[in-house]
$ cat work17.cif   # mmCIF, C-alpha atoms, pLDDT in the B column; chains and numbers go by the auth columns
data_upload
loop_
_atom_site.group_PDB
_atom_site.id
_atom_site.type_symbol
_atom_site.label_atom_id
_atom_site.label_comp_id
_atom_site.label_asym_id
_atom_site.label_seq_id
_atom_site.Cartn_x
_atom_site.Cartn_y
_atom_site.Cartn_z
_atom_site.B_iso_or_equiv
_atom_site.auth_seq_id
_atom_site.auth_asym_id
ATOM 1 C CA MET A 1 35.264 2.936 -17.198 66.00 119 A
ATOM 2 C CA GLY A 2 34.708 0.337 -19.898 82.00 120 A
ATOM 3 C CA ARG A 3 33.623 0.894 -23.454 85.00 121 A
ATOM 4 C CA GLN A 4 30.258 -0.743 -22.908 89.00 122 A
ATOM 5 C CA PHE A 5 29.496 1.606 -20.025 91.00 123 A
ATOM 6 C CA SER A 6 30.512 4.588 -22.160 88.00 124 A
ATOM 7 C CA HIS A 7 28.164 3.476 -24.908 90.00 125 A
ATOM 8 C CA LEU A 8 25.410 3.068 -22.317 92.00 126 A
ATOM 9 C CA LEU A 9 25.980 6.647 -21.093 89.00 127 A
ATOM 10 C CA GLY A 10 25.792 7.884 -24.683 90.00 128 A
ATOM 11 C CA ALA A 11 22.561 5.968 -25.266 91.00 129 A
ATOM 12 C CA VAL A 12 21.022 7.499 -22.126 92.00 130 A
ATOM 13 C CA GLY A 13 22.059 10.925 -23.397 90.00 131 A
ATOM 14 C CA MET A 14 20.394 10.300 -26.750 90.00 132 A
ATOM 15 C CA LEU A 15 17.258 9.060 -24.974 89.00 133 A
ATOM 16 C CA LEU A 16 17.099 12.385 -23.112 87.00 134 A
ATOM 17 C CA ILE A 17 17.435 14.254 -26.414 89.00 135 A
ATOM 18 C CA LEU A 18 14.677 12.130 -27.922 86.00 136 A
ATOM 19 C CA LEU A 19 12.370 12.900 -25.004 83.00 137 A
ATOM 20 C CA LEU A 20 13.058 16.624 -25.277 84.00 138 A
ATOM 21 C CA TRP A 21 12.244 16.713 -28.992 85.00 139 A
ATOM 22 C CA LEU A 22 9.171 14.510 -28.546 82.00 140 A
ATOM 23 C CA SER A 23 7.933 16.948 -25.919 80.00 141 A
ATOM 24 C CA LEU A 24 7.505 19.484 -28.721 79.00 142 A
ATOM 25 C CA LEU A 25 4.971 17.194 -30.403 83.00 143 A
ATOM 26 C CA ASN A 26 2.669 17.159 -27.386 78.00 144 A
ATOM 27 C CA PRO A 27 3.545 20.190 -25.245 76.00 145 A
ATOM 28 C CA ARG A 28 0.446 19.993 -23.038 79.00 146 A
ATOM 29 C CA ASN A 29 1.318 16.538 -21.667 77.00 147 A
ATOM 30 C CA ALA A 30 5.006 17.388 -21.394 73.00 148 A
ATOM 31 C CA ASP A 31 4.185 20.566 -19.488 73.00 149 A
ATOM 32 C CA HIS A 32 1.902 18.643 -17.129 75.00 150 A
ATOM 33 C CA LEU A 33 4.599 16.026 -16.476 71.00 151 A
ATOM 34 C CA VAL A 34 7.276 18.622 -15.697 70.00 152 A
ATOM 35 C CA ASP A 35 4.876 20.647 -13.544 70.00 153 A
ATOM 36 C CA ARG A 36 4.192 17.568 -11.416 74.00 154 A
ATOM 37 C CA ALA A 37 7.901 16.808 -11.120 70.00 155 A
ATOM 38 C CA ALA A 38 9.282 20.241 -10.243 66.00 156 A
ATOM 39 C CA GLY A 39 6.500 22.791 -10.150 67.00 157 A
ATOM 40 C CA SER A 40 5.610 25.443 -12.679 64.00 158 A
ATOM 41 C CA GLN A 41 8.372 27.822 -11.606 68.00 159 A
ATOM 42 C CA HIS A 42 11.208 25.352 -12.155 69.00 160 A
ATOM 43 C CA GLU A 43 10.305 23.671 -15.435 72.00 161 A
ATOM 44 C CA TYR A 44 13.048 25.483 -17.352 76.00 162 A
ATOM 45 C CA LYS A 45 15.589 23.960 -14.946 78.00 163 A
ATOM 46 C CA ILE A 46 14.370 20.469 -15.825 78.00 164 A
ATOM 47 C CA VAL A 47 14.531 21.083 -19.568 79.00 165 A
ATOM 48 C CA LEU A 48 17.919 22.795 -19.591 83.00 166 A
ATOM 49 C CA GLY A 49 19.313 20.323 -17.070 84.00 167 A
ATOM 50 C CA ALA A 50 18.290 17.381 -19.246 84.00 168 A
ATOM 51 C CA ALA A 51 19.853 18.989 -22.329 86.00 169 A
ATOM 52 C CA LEU A 52 23.066 19.765 -20.451 88.00 170 A
ATOM 53 C CA LEU A 53 23.210 16.263 -18.969 89.00 171 A
ATOM 54 C CA SER A 54 22.765 14.809 -22.437 90.00 172 A
ATOM 55 C CA THR A 55 25.666 16.894 -23.743 89.00 173 A
ATOM 56 C CA VAL A 56 27.925 15.737 -20.917 90.00 174 A
ATOM 57 C CA LEU A 57 26.974 12.062 -21.348 89.00 175 A
ATOM 58 C CA SER A 58 27.580 12.238 -25.095 90.00 176 A
ATOM 59 C CA PHE A 59 30.949 13.880 -24.483 90.00 177 A
ATOM 60 C CA ILE A 60 31.963 11.084 -22.106 89.00 178 A
ATOM 61 C CA ALA A 61 30.842 8.484 -24.649 89.00 179 A
ATOM 62 C CA ALA A 62 32.852 10.200 -27.400 88.00 180 A
ATOM 63 C CA ILE A 63 36.037 10.248 -25.355 89.00 181 A
ATOM 64 C CA ARG A 64 35.790 6.763 -23.846 84.00 182 A
ATOM 65 C CA GLY A 65 33.735 4.935 -26.451 83.00 183 A
ATOM 66 C CA SER A 66 33.626 5.580 -30.159 83.00 184 A
ATOM 67 C CA LYS A 67 34.364 8.686 -32.187 83.00 185 A
ATOM 68 C CA TRP A 68 30.891 8.361 -33.700 87.00 186 A
ATOM 69 C CA TRP A 69 29.558 9.835 -30.469 88.00 187 A
ATOM 70 C CA TYR A 70 30.838 13.235 -31.633 90.00 188 A
ATOM 71 C CA ILE A 71 27.678 13.326 -33.756 89.00 189 A
ATOM 72 C CA GLY A 72 25.775 12.882 -30.492 87.00 190 A
ATOM 73 C CA ILE A 73 27.656 15.855 -29.030 90.00 191 A
ATOM 74 C CA ALA A 74 26.597 17.959 -32.012 92.00 192 A
ATOM 75 C CA LEU A 75 22.956 16.900 -31.610 89.00 193 A
ATOM 76 C CA SER A 76 23.021 17.503 -27.864 89.00 194 A
ATOM 77 C CA SER A 77 24.654 20.906 -28.244 91.00 195 A
ATOM 78 C CA GLY A 78 22.151 21.918 -30.902 90.00 196 A
ATOM 79 C CA THR A 79 19.287 20.828 -28.675 88.00 197 A
ATOM 80 C CA LEU A 80 20.745 22.718 -25.729 87.00 198 A
ATOM 81 C CA ALA A 81 21.104 25.857 -27.872 90.00 199 A
ATOM 82 C CA PHE A 82 17.562 25.512 -29.269 89.00 200 A
ATOM 83 C CA PHE A 83 15.877 25.061 -25.916 84.00 201 A
ATOM 84 C CA THR A 84 18.002 27.783 -24.275 85.00 202 A
ATOM 85 C CA TYR A 85 16.986 30.233 -26.997 89.00 203 A
ATOM 86 C CA THR A 86 13.347 29.147 -26.892 84.00 204 A
ATOM 87 C CA LEU A 87 13.075 29.454 -23.118 78.00 205 A
ATOM 88 C CA SER A 88 14.831 32.814 -23.011 81.00 206 A
ATOM 89 C CA VAL A 89 12.573 34.520 -25.563 77.00 207 A
#
$ encode --input "work17.cif" --output "C-alpha coordinates"
Amino acid sequence: MGRQFSHLLGAVGMLLILLLWLSLLNPRNADHLVDRAAGSQHEYKIVLGAALLSTVLSFIAAIRGSKWWYIGIALSSGTLAFFTYTLSV
(Lines of atoms letter the chains of each structure in order from A and count residues from 1; the text may use other names and numbers.)
(Lines give C-alpha, C1' and ligand atoms only; values in the text may rest on other atoms or scores of the structure.)
Protein backbone atom coordinates (compact mmCIF):
# COMPACT_ATOMS: atom_id res chain seq x y z
CA MET A 1 0.00 0.00 0.00
CA GLY A 2 1.53 3.29 -1.08
CA ARG A 3 1.74 6.50 0.88
CA GLN A 4 -0.69 8.29 -1.40
CA PHE A 5 -3.31 5.60 -0.86
CA SER A 6 -2.79 5.81 2.90
CA HIS A 7 -3.32 9.55 2.81
CA LEU A 8 -6.46 9.00 0.74
CA LEU A 9 -7.80 6.56 3.35
CA GLY A 10 -7.09 9.11 6.08
CA ALA A 11 -8.87 11.84 4.11
CA VAL A 12 -11.93 9.60 3.68
CA GLY A 13 -11.88 8.96 7.42
CA MET A 14 -11.80 12.68 8.16
CA LEU A 15 -14.64 13.25 5.68
CA LEU A 16 -16.74 10.75 7.65
CA ILE A 17 -15.93 12.60 10.88
CA LEU A 18 -16.89 15.89 9.25
CA LEU A 19 -20.22 14.47 8.13
CA LEU A 20 -20.96 13.11 11.60
CA TRP A 21 -20.29 16.46 13.27
CA LEU A 22 -22.21 18.38 10.60
CA SER A 23 -25.17 16.10 11.25
CA LEU A 24 -25.45 17.71 14.68
CA LEU A 25 -26.09 21.09 13.04
CA ASN A 26 -29.15 19.85 11.17
CA PRO A 27 -30.37 16.70 12.94
CA ARG A 28 -33.74 16.56 11.17
CA ASN A 29 -32.20 16.16 7.70
CA ALA A 30 -29.51 13.81 8.97
CA ASP A 31 -32.13 11.65 10.67
CA HIS A 32 -34.21 11.55 7.49
CA LEU A 33 -31.18 10.53 5.41
CA VAL A 34 -30.20 7.71 7.77
CA ASP A 35 -33.80 6.53 8.08
CA ARG A 36 -34.01 6.18 4.29
CA ALA A 37 -30.69 4.33 4.17
CA ALA A 38 -31.16 1.81 6.97
CA GLY A 39 -34.52 2.29 8.63
CA SER A 40 -35.34 3.88 11.94
CA GLN A 41 -34.31 0.85 14.00
CA HIS A 42 -30.77 0.68 12.63
CA GLU A 43 -29.66 4.31 12.56
CA TYR A 44 -27.31 3.87 15.52
CA LYS A 45 -25.49 1.17 13.54
CA ILE A 46 -24.86 3.63 10.71
CA VAL A 47 -23.55 6.34 13.03
CA LEU A 48 -21.33 4.09 15.14
CA GLY A 49 -20.16 2.19 12.07
CA ALA A 50 -19.09 5.41 10.37
CA ALA A 51 -17.22 6.56 13.49
CA LEU A 52 -15.51 3.19 13.86
CA LEU A 53 -14.60 3.09 10.16
CA SER A 54 -13.13 6.56 10.45
CA THR A 55 -10.98 5.46 13.40
CA VAL A 56 -9.69 2.45 11.48
CA LEU A 57 -8.93 4.48 8.33
CA SER A 58 -7.08 7.11 10.36
CA PHE A 59 -5.09 4.39 12.10
CA ILE A 60 -4.06 2.90 8.75
CA ALA A 61 -3.06 6.35 7.49
CA ALA A 62 -0.99 6.97 10.63
CA ILE A 63 0.92 3.72 10.29
CA ARG A 64 1.48 3.79 6.53
CA GLY A 65 1.41 7.50 5.80
CA SER A 66 2.46 10.31 8.08
CA LYS A 67 2.66 10.54 11.85
CA TRP A 68 0.42 13.60 11.65
CA TRP A 69 -2.48 11.20 11.16
CA TYR A 70 -2.26 10.37 14.88
CA ILE A 71 -4.17 13.62 15.39
CA GLY A 72 -6.83 12.12 13.12
CA ILE A 73 -6.92 9.02 15.34
CA ALA A 74 -7.50 11.25 18.37
CA LEU A 75 -10.33 13.11 16.61
CA SER A 76 -11.90 9.88 15.38
CA SER A 77 -11.68 8.24 18.79
CA GLY A 78 -13.18 11.29 20.46
CA THR A 79 -16.02 11.31 17.96
CA LEU A 80 -16.62 7.60 18.47
CA ALA A 81 -16.71 8.10 22.25
CA PHE A 82 -19.04 11.11 21.97
CA PHE A 83 -21.55 9.43 19.70
CA THR A 84 -21.41 6.15 21.66
CA TYR A 85 -22.18 8.03 24.87
CA THR A 86 -24.88 10.13 23.23
CA LEU A 87 -26.64 7.15 21.67
CA SER A 88 -26.48 5.08 24.84
CA VAL A 89 -28.08 7.69 27.10
$ closest_residue --input "work17.cif" --among "A:Phe123, A:Tyr203, A:Trp139, A:Tyr162" --to "Leu175 of chain A" --atoms "all atoms listed in the file"
A:Phe123
$ resolve_selection --input "work17.cif" --expression "the PyMOL selection byres ((chain A and resi 178-186) around 6)" --output "MDAnalysis selection string"
chainID A and resid 121 124:125 128 175:177 187:189
$ write_last_selection --input "work17.cif" --atoms "C-alpha atoms" --output "short mmCIF file (atom, residue, chain, number, x, y, z; two decimals), in the frame of the given file"
data_model
loop_
_atom_site.label_atom_id
_atom_site.label_comp_id
_atom_site.auth_asym_id
_atom_site.auth_seq_id
_atom_site.Cartn_x
_atom_site.Cartn_y
_atom_site.Cartn_z
CA ARG A 121 33.62 0.89 -23.45
CA SER A 124 30.51 4.59 -22.16
CA HIS A 125 28.16 3.48 -24.91
CA GLY A 128 25.79 7.88 -24.68
CA LEU A 175 26.97 12.06 -21.35
CA SER A 176 27.58 12.24 -25.10
CA PHE A 177 30.95 13.88 -24.48
CA TRP A 187 29.56 9.84 -30.47
CA TYR A 188 30.84 13.24 -31.63
CA ILE A 189 27.68 13.33 -33.76
#
$ resolve_selection --input "work17.cif" --expression "the PyMOL selection byres ((chain A and resi 166) around 10)" --output "ChimeraX atom specification"
/A:138,161-165,167-172,197-199,201-202,205
$ atom_distance --input "work17.cif" --atom1 "atom CA of Ile191 of chain A" --atom2 "atom CA of Asp149 of chain A"
25.8 Å
$ atom_distance --input "work17.cif" --atom1 "atom CA of Leu143 of chain A" --atom2 "atom CA of Thr204 of chain A"
15.0 Å
$ atom_distance --input "work17.cif" --atom1 "atom CA of Leu127 of chain A" --atom2 "atom CA of Gly190 of chain A"
11.3 Å
